[in-house]
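Here's coords_28.txt, which has compact mmCIF, C-alpha atoms and all ligand atoms:
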```txt
# COMPACT_ATOMS: atom_id res chain seq x y z
CA MET A 463 -62.26 -110.54 -7.42
CA ILE A 464 -63.33 -112.73 -4.49
CA LEU A 465 -60.09 -114.66 -4.74
CA ALA A 466 -58.11 -111.46 -4.71
CA LEU A 467 -59.96 -110.33 -1.62
CA LEU A 468 -59.37 -113.66 0.09
CA LEU A 469 -55.69 -113.46 -0.75
CA ALA A 470 -55.53 -109.93 0.53
CA CYS A 471 -57.23 -110.94 3.76
CA SER A 472 -54.97 -113.91 4.31
CA ARG A 473 -51.82 -111.83 4.09
CA PRO A 474 -50.32 -110.87 7.40
CA SER A 475 -51.02 -107.26 8.20
CA PRO A 476 -48.10 -105.02 7.28
CA GLN A 477 -45.55 -104.59 10.00
CA PRO A 478 -45.07 -101.05 11.24
CA SER A 479 -42.11 -99.49 9.51
CA PRO A 480 -39.32 -98.81 11.96
CA GLN A 481 -38.38 -95.71 10.02
CA PRO A 482 -41.28 -93.29 9.70
CA THR A 483 -40.81 -89.53 9.49
CA VAL A 484 -43.06 -86.66 10.52
CA VAL A 485 -42.21 -83.36 8.83
CA LEU A 486 -43.87 -80.28 10.29
CA ILE A 487 -43.42 -77.28 8.01
CA SER A 488 -44.30 -73.73 9.02
CA TRP A 489 -44.64 -70.93 6.48
CA ASP A 490 -44.57 -67.82 8.62
CA THR A 491 -47.06 -65.03 7.88
CA THR A 492 -49.01 -66.90 5.20
CA ARG A 493 -52.71 -66.21 4.87
CA ALA A 494 -54.77 -69.12 3.63
CA ASP A 495 -55.80 -67.40 0.42
CA ALA A 496 -52.14 -67.00 -0.59
CA LEU A 497 -52.27 -70.67 -1.63
CA SER A 498 -53.84 -71.65 -4.93
CA SER A 499 -55.55 -74.62 -3.29
CA TYR A 500 -57.47 -72.21 -1.07
CA ALA A 501 -59.09 -70.42 -4.00
CA ASP A 502 -62.50 -71.26 -2.51
CA VAL A 503 -61.88 -68.92 0.39
CA ARG A 504 -59.98 -66.19 -1.42
CA SER A 505 -60.71 -62.71 -0.22
CA TRP A 506 -58.66 -60.64 -2.67
CA ARG A 507 -60.87 -57.81 -3.67
CA PRO A 508 -61.77 -57.46 -6.41
CA GLN A 509 -61.16 -60.99 -7.62
CA GLU A 510 -58.34 -60.71 -10.10
CA PRO A 511 -57.68 -63.80 -12.20
CA ASP A 512 -54.33 -62.48 -13.41
CA LEU A 513 -53.05 -62.00 -9.87
CA GLY A 514 -53.30 -65.36 -8.18
CA PRO A 515 -51.11 -67.50 -5.96
CA SER A 516 -48.67 -70.08 -7.32
CA THR A 517 -48.14 -72.85 -4.81
CA PRO A 518 -47.82 -76.19 -6.64
CA THR A 519 -46.00 -77.93 -3.80
CA ALA A 520 -48.71 -77.12 -1.26
CA ASP A 521 -51.38 -77.94 -3.80
CA GLY A 522 -49.75 -81.33 -4.40
CA LEU A 523 -49.86 -82.05 -0.68
CA ALA A 524 -53.51 -80.97 -0.58
CA ALA A 525 -54.30 -83.27 -3.51
CA ARG A 526 -53.02 -86.31 -1.64
CA GLY A 527 -54.08 -85.33 1.86
CA THR A 528 -56.57 -83.33 3.85
CA ARG A 529 -56.87 -79.59 3.42
CA PHE A 530 -58.44 -77.87 6.39
CA GLN A 531 -60.35 -75.04 4.80
CA TRP A 532 -60.77 -72.96 7.97
CA ALA A 533 -57.65 -73.44 10.05
CA LEU A 534 -57.38 -70.72 12.67
CA ALA A 535 -54.53 -69.24 14.69
CA HIS A 536 -55.03 -68.06 18.25
CA ALA A 537 -52.74 -65.05 18.05
CA PRO A 538 -51.39 -63.05 15.11
CA THR A 539 -47.75 -63.27 16.18
CA THR A 540 -44.99 -65.77 15.65
CA LEU A 541 -43.91 -67.03 19.06
CA SER A 542 -47.41 -67.21 20.55
CA SER A 543 -48.80 -69.08 17.59
CA HIS A 544 -45.96 -71.58 17.32
CA SER A 545 -46.31 -72.09 21.07
CA SER A 546 -49.95 -73.10 20.47
CA VAL A 547 -48.89 -75.69 17.91
CA MET A 548 -46.13 -77.07 20.12
CA SER A 549 -48.07 -77.08 23.42
CA GLY A 550 -51.67 -77.71 22.30
CA ARG A 551 -52.93 -74.56 24.05
CA ASP A 552 -54.09 -71.12 23.07
CA SER A 553 -52.43 -67.99 24.44
CA HIS A 554 -54.34 -68.12 27.74
CA GLY A 555 -53.20 -71.72 28.15
CA HIS A 556 -49.52 -71.31 27.28
CA ARG A 557 -49.10 -67.78 28.69
CA VAL A 558 -46.86 -66.45 25.93
CA VAL A 559 -47.93 -62.79 25.82
CA ARG A 560 -46.13 -61.92 22.61
CA ASN A 561 -42.71 -62.29 21.04
CA GLY A 562 -39.95 -62.23 23.61
CA TYR A 563 -41.91 -64.01 26.36
CA PRO A 564 -40.40 -67.48 26.72
CA LEU A 565 -42.73 -70.45 26.81
CA PRO A 566 -43.20 -71.50 30.47
CA ALA A 567 -41.11 -74.54 31.36
CA ASP A 568 -43.99 -76.48 32.91
CA LEU A 569 -45.87 -77.13 29.66
CA PRO A 570 -45.32 -80.49 27.94
CA LEU A 571 -44.35 -79.98 24.29
CA LEU A 572 -44.85 -81.95 21.11
CA ALA A 573 -41.15 -82.66 20.57
CA GLU A 574 -40.87 -83.99 24.12
CA ARG A 575 -43.64 -86.46 23.36
CA PHE A 576 -41.82 -87.69 20.28
CA ALA A 577 -38.50 -87.87 22.14
CA ALA A 578 -40.08 -89.82 25.00
CA ALA A 579 -41.42 -92.32 22.47
CA GLY A 580 -37.93 -92.90 21.10
CA TRP A 581 -38.06 -90.62 18.05
CA ASP A 582 -35.17 -88.49 16.91
CA THR A 583 -36.15 -84.81 16.95
CA ILE A 584 -34.65 -82.01 14.83
CA ALA A 585 -35.75 -78.41 14.30
CA VAL A 586 -34.38 -75.77 11.94
CA VAL A 587 -35.90 -72.30 12.32
CA GLY A 588 -35.75 -69.37 9.93
CA ALA A 589 -35.92 -66.41 12.30
CA SER A 590 -34.54 -65.37 15.67
CA THR A 591 -38.08 -64.89 16.96
CA LEU A 592 -38.05 -68.65 17.61
CA GLU A 593 -34.52 -68.78 19.05
CA ALA A 594 -33.86 -71.56 21.57
CA GLY A 595 -34.05 -69.14 24.50
CA MET A 596 -37.79 -68.81 23.86
CA GLY A 597 -38.30 -72.39 24.98
CA LEU A 598 -39.58 -74.16 21.88
CA ASN A 599 -36.32 -76.12 21.75
CA ARG A 600 -37.43 -78.40 24.57
CA GLY A 601 -37.56 -82.00 23.36
CA PHE A 602 -35.46 -81.45 20.25
CA ARG A 603 -32.12 -83.25 20.12
CA LEU A 604 -30.96 -80.65 17.64
CA TYR A 605 -32.57 -77.20 17.55
CA ASP A 606 -30.78 -75.15 14.90
CA ASP A 607 -31.54 -71.48 15.45
CA GLN A 608 -28.31 -70.25 13.87
CA VAL A 609 -30.00 -67.77 11.56
CA GLY A 610 -27.38 -65.69 9.90
CA THR A 611 -28.71 -62.53 8.33
CA ARG A 612 -29.65 -59.36 10.14
CA VAL A 613 -32.85 -57.92 8.68
CA ARG A 614 -33.90 -54.75 10.45
CA ALA A 615 -34.65 -55.82 14.02
CA ARG A 616 -34.30 -59.56 13.55
CA TYR A 617 -32.04 -62.26 12.31
CA GLU A 618 -33.47 -64.49 9.64
CA ASP A 619 -32.48 -66.83 6.84
CA ARG A 620 -33.96 -67.23 3.40
CA ALA A 621 -35.69 -70.52 2.72
CA ASP A 622 -32.86 -71.85 0.52
CA ARG A 623 -30.43 -71.31 3.39
CA VAL A 624 -32.88 -73.00 5.79
CA ASN A 625 -32.90 -76.00 3.44
CA GLU A 626 -29.09 -76.11 3.43
CA ARG A 627 -29.17 -76.18 7.23
CA VAL A 628 -31.81 -78.94 7.24
CA PHE A 629 -29.78 -81.14 4.89
CA ALA A 630 -26.59 -80.47 6.86
CA ALA A 631 -28.36 -81.55 10.04
CA VAL A 632 -29.86 -84.65 8.45
CA ASP A 633 -26.65 -85.65 6.72
CA LYS A 634 -24.77 -85.65 10.00
CA GLY A 635 -26.91 -88.67 10.80
CA VAL A 636 -30.38 -89.14 12.13
CA ALA A 637 -31.89 -91.87 14.20
CA ARG A 638 -35.28 -93.21 13.15
CA PRO A 639 -38.14 -92.61 13.46
CA LEU A 640 -37.67 -88.89 12.93
CA PHE A 641 -39.68 -85.79 13.84
CA LEU A 642 -38.46 -82.80 11.81
CA PHE A 643 -39.71 -79.22 12.24
CA VAL A 644 -38.79 -76.70 9.54
CA HIS A 645 -39.70 -73.01 9.80
CA TYR A 646 -39.55 -70.65 6.80
CA PHE A 647 -39.82 -66.94 7.49
CA ASP A 648 -39.78 -65.58 3.93
CA PRO A 649 -43.44 -64.47 3.51
CA HIS A 650 -42.86 -62.03 6.39
CA SER A 651 -41.99 -58.54 5.15
CA PRO A 652 -39.72 -57.23 3.74
CA TRP A 653 -40.69 -59.09 0.60
CA ASP A 654 -37.23 -59.55 -0.82
CA SER A 655 -36.52 -63.28 -0.61
CA ALA A 656 -37.92 -64.62 -3.88
CA SER A 657 -35.39 -65.51 -6.57
CA PRO A 658 -35.57 -63.51 -9.82
CA GLU A 659 -36.94 -66.64 -11.51
CA VAL A 660 -39.92 -66.79 -9.12
CA ARG A 661 -40.42 -63.05 -8.98
CA GLN A 662 -40.73 -62.76 -12.75
CA LYS A 663 -43.93 -64.78 -12.50
CA PHE A 664 -45.38 -61.79 -10.66
CA PRO A 665 -44.62 -58.90 -13.01
CA GLN A 666 -46.86 -56.53 -11.07
CA ALA A 667 -44.76 -57.01 -7.91
CA GLY A 668 -43.91 -53.73 -6.25
CA PRO A 669 -41.43 -52.69 -3.57
CA ALA A 670 -40.25 -55.16 -0.95
CA GLU A 671 -41.09 -52.80 1.87
CA PRO A 672 -44.83 -52.26 2.43
CA GLY A 673 -44.30 -49.79 5.29
CA PRO A 674 -44.84 -46.65 3.19
CA LEU A 675 -48.23 -47.97 2.12
CA VAL A 676 -49.65 -48.12 5.64
CA GLU A 677 -50.31 -44.42 5.94
CA LYS A 678 -51.97 -44.28 2.52
CA ALA A 679 -54.14 -47.29 3.27
CA VAL A 680 -55.26 -45.76 6.57
CA ALA A 681 -55.96 -42.44 4.86
CA GLY A 682 -57.87 -44.16 2.07
CA THR A 683 -55.53 -42.85 -0.62
CA LEU A 684 -53.96 -46.17 -1.60
CA SER A 685 -54.32 -46.65 -5.34
CA ASP A 686 -55.50 -49.91 -6.89
CA GLU A 687 -52.15 -50.16 -8.61
CA GLU A 688 -50.24 -49.88 -5.34
CA ALA A 689 -52.50 -52.45 -3.69
CA ARG A 690 -51.98 -54.88 -6.59
CA ALA A 691 -48.22 -54.34 -6.53
CA ALA A 692 -48.10 -55.13 -2.81
CA ARG A 693 -50.23 -58.25 -3.19
CA ALA A 694 -48.02 -59.46 -6.04
CA ALA A 695 -44.84 -58.88 -4.04
CA TYR A 696 -46.31 -60.83 -1.13
CA LEU A 697 -47.53 -63.68 -3.34
CA ALA A 698 -44.06 -63.93 -4.90
CA GLU A 699 -42.62 -64.57 -1.44
CA VAL A 700 -45.18 -67.29 -0.78
CA ALA A 701 -44.48 -68.82 -4.23
CA TRP A 702 -40.77 -68.83 -3.43
CA THR A 703 -41.41 -70.51 -0.10
CA ASP A 704 -43.53 -73.10 -1.90
CA GLN A 705 -40.73 -73.77 -4.39
CA GLN A 706 -38.21 -74.20 -1.58
CA THR A 707 -40.61 -76.51 0.26
CA GLY A 708 -40.67 -78.63 -2.89
CA LEU A 709 -36.88 -78.79 -2.86
CA LEU A 710 -36.92 -79.71 0.84
CA LEU A 711 -39.29 -82.60 0.19
CA ASP A 712 -37.27 -83.71 -2.88
CA GLY A 713 -34.12 -83.76 -0.77
CA LEU A 714 -35.76 -85.73 2.02
CA ARG A 715 -37.26 -88.15 -0.51
CA LYS A 716 -33.84 -88.79 -2.07
CA ARG A 717 -32.54 -89.60 1.38
CA ARG A 718 -35.35 -92.16 1.75
CA LEU A 719 -36.82 -90.20 4.64
CA LEU A 720 -40.33 -89.90 3.19
CA ASP A 721 -41.21 -93.52 2.42
CA ASP A 722 -43.46 -93.74 5.46
CA SER A 723 -44.15 -90.16 6.30
CA LEU A 724 -46.61 -87.58 7.47
CA VAL A 725 -46.09 -84.09 6.04
CA VAL A 726 -47.90 -81.22 7.73
CA LEU A 727 -47.91 -77.71 6.30
CA PHE A 728 -49.28 -74.79 8.29
CA SER A 729 -48.77 -71.10 8.93
CA ASP A 730 -48.56 -69.39 12.30
CA HIS A 731 -50.70 -66.40 11.24
CA GLY A 732 -51.70 -64.46 8.19
CA GLU A 733 -51.00 -60.94 7.05
CA ALA A 734 -53.33 -58.01 6.54
CA LEU A 735 -52.79 -56.41 3.16
CA ASP A 736 -55.37 -53.87 2.02
CA ASP A 737 -58.19 -55.66 3.84
CA PRO A 738 -60.89 -53.39 5.24
CA GLY A 739 -61.21 -53.53 9.01
CA SER A 740 -57.60 -54.57 9.60
CA TRP A 741 -54.53 -52.46 10.30
CA PRO A 742 -52.94 -52.62 6.84
CA TYR A 743 -49.75 -54.40 5.86
CA GLY A 744 -48.94 -56.23 9.03
CA HIS A 745 -50.17 -58.45 11.81
CA GLY A 746 -50.39 -58.24 15.58
CA LEU A 747 -53.11 -55.65 16.08
CA ASP A 748 -56.10 -57.53 14.69
CA ALA A 749 -57.88 -60.72 15.67
CA ASP A 750 -59.66 -60.91 12.34
CA LEU A 751 -59.47 -63.38 9.47
CA PRO A 752 -56.63 -61.81 7.41
CA ALA A 753 -54.39 -62.37 10.44
CA LEU A 754 -55.91 -65.61 11.78
CA HIS A 755 -57.05 -67.69 8.82
CA VAL A 756 -54.12 -69.89 7.84
CA PRO A 757 -53.43 -72.87 5.62
CA LEU A 758 -53.29 -76.34 7.18
CA ILE A 759 -52.64 -79.40 5.04
CA ILE A 760 -51.89 -82.90 6.31
CA ALA A 761 -50.63 -85.43 3.77
CA GLY A 762 -49.22 -88.87 4.39
CA SER A 763 -47.58 -91.67 2.52
CA GLY A 764 -47.07 -95.36 3.18
CA ARG A 765 -48.74 -96.41 6.38
CA PHE A 766 -49.33 -92.78 7.33
CA ALA A 767 -51.52 -92.04 4.31
CA ALA A 768 -54.03 -89.40 5.35
CA PRO A 769 -57.64 -89.14 4.19
CA VAL A 770 -57.93 -87.24 0.92
CA GLY A 771 -60.31 -84.33 0.80
CA VAL A 772 -61.36 -81.03 2.30
CA ASP A 773 -62.48 -80.57 5.90
CA ALA A 774 -64.63 -77.43 5.91
CA ARG A 775 -65.04 -77.21 9.68
CA PRO A 776 -62.97 -74.72 11.66
CA ALA A 777 -59.72 -76.33 12.82
CA ARG A 778 -57.72 -74.83 15.66
CA LEU A 779 -53.93 -74.68 15.46
CA LEU A 780 -53.86 -75.96 19.04
CA ASP A 781 -55.34 -79.22 17.70
CA LEU A 782 -52.42 -79.84 15.39
CA GLY A 783 -50.12 -81.58 17.89
CA SER A 784 -52.82 -84.00 19.08
CA THR A 785 -53.72 -84.76 15.48
CA VAL A 786 -50.14 -85.56 14.52
CA LEU A 787 -49.62 -87.78 17.57
CA ALA A 788 -52.81 -89.69 16.80
CA ARG A 789 -51.87 -90.14 13.11
CA VAL A 790 -48.59 -91.82 14.04
CA GLY A 791 -50.10 -93.90 16.82
CA LEU A 792 -48.65 -92.17 19.87
CA PRO A 793 -51.24 -92.22 22.64
CA GLY A 794 -52.68 -89.23 24.44
CA ALA A 795 -53.64 -85.72 23.44
CA LEU A 796 -51.30 -82.72 23.58
CA GLY A 797 -52.55 -80.01 25.90
CA GLU A 798 -56.16 -79.16 25.14
CA GLY A 799 -56.01 -80.30 21.54
CA GLN A 800 -58.20 -82.89 19.90
CA ASP A 801 -57.48 -85.17 16.94
CA LEU A 802 -58.93 -83.30 13.96
CA PHE A 803 -59.60 -86.59 12.18
CA ALA A 804 -61.56 -88.11 15.06
CA ARG A 805 -63.59 -85.15 16.31
CA THR A 806 -67.33 -85.20 16.29
CA GLU A 807 -67.71 -81.46 16.73
CA ALA A 808 -65.69 -78.31 16.06
CA LEU A 809 -64.92 -76.55 19.31
CA PRO A 810 -64.85 -72.72 19.61
CA SER A 811 -61.57 -71.16 18.53
CA PHE A 812 -60.44 -68.15 20.55
CA ALA A 813 -57.89 -65.55 19.51
CA GLU A 814 -56.45 -62.31 20.75
CA ALA A 815 -54.18 -59.63 19.30
CA THR A 816 -50.85 -58.89 20.97
CA LYS A 817 -50.61 -55.16 20.29
CA PRO A 818 -50.63 -52.22 20.97
CA ASP A 819 -48.49 -53.39 23.85
CA ALA A 820 -48.20 -49.86 25.26
CA GLN A 821 -51.83 -50.31 26.34
CA GLU A 822 -51.49 -53.74 27.92
CA ARG A 823 -53.04 -54.46 31.31
CA THR A 824 -50.62 -54.74 34.20
CA ASP A 825 -53.15 -55.85 36.82
CA ALA A 826 -54.50 -58.78 34.81
CA TRP A 827 -53.58 -60.79 31.71
CA ASN A 828 -51.62 -58.39 29.52
CA ASN A 829 -53.58 -58.84 26.30
CA LEU A 830 -57.10 -58.38 27.67
CA PRO A 831 -57.59 -54.85 26.24
CA PHE A 832 -56.65 -55.93 22.73
CA ASP A 833 -58.73 -57.06 19.79
CA ARG A 834 -60.17 -60.54 20.36
CA SER A 835 -62.43 -62.97 18.61
CA VAL A 836 -64.16 -66.30 18.75
CA VAL A 837 -65.14 -68.53 15.85
CA ASP A 838 -68.08 -70.81 16.58
CA GLU A 839 -71.40 -71.79 15.01
CA GLY A 840 -69.95 -70.91 11.59
CA HIS A 841 -69.57 -67.28 12.65
CA LEU A 842 -66.82 -64.98 13.87
CA LEU A 843 -67.46 -62.49 16.65
CA ARG A 844 -64.74 -59.87 16.88
CA VAL A 845 -64.60 -57.58 19.90
CA THR A 846 -62.33 -54.55 20.17
CA PRO A 847 -62.44 -53.36 23.81
CA LEU A 848 -60.23 -50.33 23.22
CA ARG A 849 -62.79 -48.97 20.77
CA GLY A 850 -65.89 -50.44 22.38
CA GLN A 851 -66.78 -52.21 19.14
CA SER A 852 -67.95 -55.67 18.17
CA ARG A 853 -68.81 -57.24 14.85
CA LEU A 854 -70.47 -60.54 13.96
CA SER A 855 -69.89 -62.06 10.54
CA ARG A 856 -70.54 -65.34 8.87
CA LEU A 857 -67.20 -67.09 8.49
CA GLY A 858 -65.60 -65.66 5.38
CA ASP A 859 -68.62 -63.58 4.56
CA SER A 860 -70.23 -60.28 5.32
CA ALA A 861 -71.33 -58.85 8.66
CA VAL A 862 -74.67 -60.06 9.92
CA VAL A 863 -77.13 -58.78 12.51
CA ASP A 864 -78.07 -61.57 14.87
CA PRO A 865 -78.36 -60.35 18.46
CA GLU A 866 -79.00 -63.76 20.00
CA ARG A 867 -75.98 -65.35 18.36
CA THR A 868 -73.89 -62.31 19.20
CA GLU A 869 -74.77 -62.66 22.86
CA ARG A 870 -74.04 -66.40 22.86
CA LEU A 871 -70.62 -65.92 21.31
CA ARG A 872 -69.88 -62.90 23.48
CA ALA A 873 -70.59 -65.00 26.59
CA LYS A 874 -68.13 -67.63 25.38
CA LEU A 875 -65.49 -64.99 24.73
CA GLU A 876 -66.06 -63.47 28.16
CA ALA A 877 -65.77 -66.89 29.80
CA TRP A 878 -62.47 -67.41 27.96
CA ASP A 879 -61.20 -64.06 29.23
CA ALA A 880 -62.47 -64.71 32.76
CA ALA A 881 -60.24 -67.78 32.88
CA ALA A 882 -57.18 -65.94 31.53
CA PRO A 883 -53.95 -66.15 33.51
CA GLY A 884 -52.70 -63.19 35.54
CA PHE A 885 -50.32 -60.46 34.41
CA ARG A 886 -47.06 -61.81 33.15
CA GLU A 887 -43.83 -59.88 33.34
CA VAL A 888 -41.29 -60.65 30.72
CA GLU A 889 -38.87 -63.14 32.17
CA LEU A 890 -35.87 -62.73 29.95
CA GLU A 891 -32.53 -62.56 31.60
CA GLU A 892 -31.53 -58.94 31.82
CA GLU A 893 -28.60 -59.29 29.45
CA THR A 894 -30.71 -61.02 26.79
CA ARG A 895 -33.50 -58.52 27.22
CA LYS A 896 -31.20 -55.55 26.72
CA ALA A 897 -29.72 -57.11 23.61
CA LEU A 898 -33.16 -57.82 22.20
CA GLU A 899 -34.47 -54.38 23.02
CA ALA A 900 -31.44 -52.79 21.42
CA LEU A 901 -32.43 -54.69 18.28
CA GLY A 902 -36.04 -53.61 18.73
CA TYR A 903 -36.98 -57.22 18.20
CA VAL A 904 -38.87 -57.99 21.40
CA GLU A 905 -41.97 -56.47 19.78
CA GLY A 906 -41.25 -57.54 16.22
CA GLY A 907 -42.36 -60.51 14.15
ZN ZN B 1 -45.07 -65.32 12.36
```
Will you turn the file into structure tokens for me?
Ligand SMILES: [Zn+2]
Amino acid sequence: MILALLLACSRPSPQPSPQPTVVLISWDTTRADALSSYADVRSWRPQEPDLGPSTPTADGLAARGTRFQWALAHAPTTLSSHSSVMSGRDSHGHRVVRNGYPLPADLPLLAERFAAAGWDTIAVVGASTLEAGMGLNRGFRLYDDQVGTRVRARYEDRADRVNERVFAAVDKGVARPLFLFVHYFDPHSPWDSASPEVRQKFPQAGPAEPGPLVEKAVAGTLSDEEARAARAAYLAEVAWTDQQTGLLLDGLRKRRLLDDSLVVLFSDHGEALDDPGSWPYGHGLDADLPALHVPLIIAGSGRFAAPVGVDARPARLLDLGSTVLARVGLPGALGEGQDLFARTEALPSFAEATKPDAQERTDAWNNLPFDRSVVDEGHLLRVTPLRGQSRLSRLGDSAVVDPERTERLRAKLEAWDAAAPGFREVELEEETRKALEALGYVEGG
């Protein structure tokens, strides 16, 4: 044993591989408890053992990496939340009001950091909500937003088509090291992406379109059967996205792109189903856990091997960029983020809803009247100014009465709001804006 240790010590330390890869994978609209590996925080009610998630790819990543049990988004909409990941700032920091508001050009972005360090940078996105005109393309050599299928007010691609586009991009030739961002939109409604093979694992799955259930859920007339059918249809979409993520990783592995790699899986926001206290079957109006609590898994291989285990502290999506940079040895934080593996304390995580936009402020930051929340001290304080309500709960648990803590968290939330930017007018070029409004998509997603 001692000899082996001596031999090990006398070996030269391994040289950095010249060909590492970072793969950042976003599953849009995926609540944390839609993954089997997040069974410890599942909030399906009642607990139904025959209606569970099926996410073996994500679970495999969690088994060989770190699963952040309480990862939190800062806004329940696609562009704002992805902007937090890519800029290291929450919505007050990056000033993206909601979908359709391009990311300001003065914010340094994650892909720019990789590009400046000599990495190749490729993105393939699954929905027009993240089209290049929204500004997340900065720093990417190739930003493929050529989503082909019109779905209601948006253009989007199914995950299998996204994979085809990824492999086409990669097979044209990549330089190394490589930063690859892949965005799957399938868990977003309508729930019609899953292949028949995946969907048959969810025999209770109901209609793809949850819209008709909203009125019933609000009126309290939603039946248990309808709620189960909706949950199953949603979980089938997540299972399908998981399967396609497995095929993505298989394809990258075959191309020898994952030998030294860091794979990060996250979601931009969750989805309210029949959760009490949230506007049902959607996201955007609520700054509560069904919309904000997302999966975050970081798994490495080769010299990027990540610690194995569960981190139970709240983790902010704005920390993701700094964490990835630190893991691969690129110096400096991104925006206000901190390295989740090196932190000594969990900082407060702030969030705000982005609707109903008809009631936005026009004399101050647009989103100030909307639902907002802070997670700190193991608790969530949710404040709804339009209704004059607030609610304190233990994270993932029931409401609690604790006036002192409520006041402490409220003061933090008010300080966050006091430092919010001013009113922001949408800055789309007129032609683009008209086209988007005609599609109804400026408010969608
Ligand atoms: Zn989204």
Close residues, Ala795 in chain A itself excluded, 10 Å, all atoms listed in the file, min 4 positions apart in chain, as a list of chain:residue names:
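Once the nearby chain positions are removed, what remains is A:Gly550, A:Leu572, A:Asp781, A:Gly783, A:Ser784, A:Thr785, A:Val786, A:Leu787, A:Ala788, A:Gly799, A:Gln800, A:Asp801.
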Excluding His556 in chain A and residues on its chain fewer than 5 positions from it, collect all residues at most 10 Å away from it, counting only C-alpha atoms, and give them as a PyMOL selection string.
chain A and resi 542-543+545-546+548-551+564-569+797+883
Which residues come within 7 Å of range 708-713 of chain A, counting only C-alpha atoms, excluding same-chain residues fewer than 4 positions away, as a list in words?
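Here the answer would be Thr519, Asn625, Asp704 and Arg717 of chain A.
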Kindly give the distance, in Å, that separates CA of Gly522 in chain A and CA of Arg504 in chain A, rounded to a single decimal.
18.5 Å
Using all atoms listed in the file, which residues have at least one atom no more than 10 Å from ligand ZN 1 (chain B)? Output them as a PyMOL selection string.
chain A and resi 488-492+537-544+561+589+591-592+645-650+729-733+745-746+753+906-907
Please provide as a list of chain:residue names all residues within 7 Å of Val609 in chain A, with the sequence filter that same-chain residues fewer than 5 positions apart are discarded (counting all atoms listed in the file).
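So, after excluding close chain neighbours, the residues are A:Gly588, A:Ala589, A:Ser590, A:Tyr617, A:Glu618, A:Asp619.
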Option closest in space to Pro665 in chain A, from A:Gln851, A:Arg870, A:Val624, A:Arg690 [counting only C-alpha atoms]:
A:Arg690
Compile a residue-level contact table for range 631-695 of chain A against range 739-743 of chain A at a cut-off of 7 Å, reporting for every qualifying residue the shortest atom pair and its distance in Å to one decimal, with only C-alpha atoms counted, rows ordered by chain and ascending number, as JSON lines.
```
{"residue": "A:Pro672", "atom": "CA", "partner": "A:Tyr743", "partner_atom": "CA", "distance": 6.4}
{"residue": "A:Val676", "atom": "CA", "partner": "A:Pro742", "partner_atom": "CA", "distance": 5.7}
{"residue": "A:Ala679", "atom": "CA", "partner": "A:Pro742", "partner_atom": "CA", "distance": 6.5}
```
What separation in Å, quoted to one decimal, exists between CA of Leu486 in chain A and CA of Glu699 in chain A?
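A separation of 19.6 Å between them.
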May I ask for the distance between CA of Ser499 in chain A and CA of Ala524 in chain A, given in Å to one decimal place?
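It comes out at 7.2 Å.
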Judged by all atoms listed in the file, the minimum distance to Leu796 in chain A among A:Leu809, A:Val644, A:Leu779, A:Ala501 is found for A:Leu779
Nearest to His536 in chain A, chosen from A:Met596, A:Leu642, A:Leu754, A:Ala496, with only C-alpha atoms counted in the distances:
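Under the stated criterion, the closest residue is A:Leu754.
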Using all atoms listed in the file, pick whichever of A:Leu675, A:Leu727, A:Ala734, A:Val484 has the shortest atom-to-atom distance to Asp582 in chain A.
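Looking only at the distances to Asp582 in chain A, the closest residue turns out to be A:Val484.
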Given only C-alpha atoms as the basis, pick out the residue of A:Thr683, A:Pro482, A:Gln662, A:Glu593 nearest to Trp581 in chain A.
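So, comparing all the options, the nearest one is A:Pro482.
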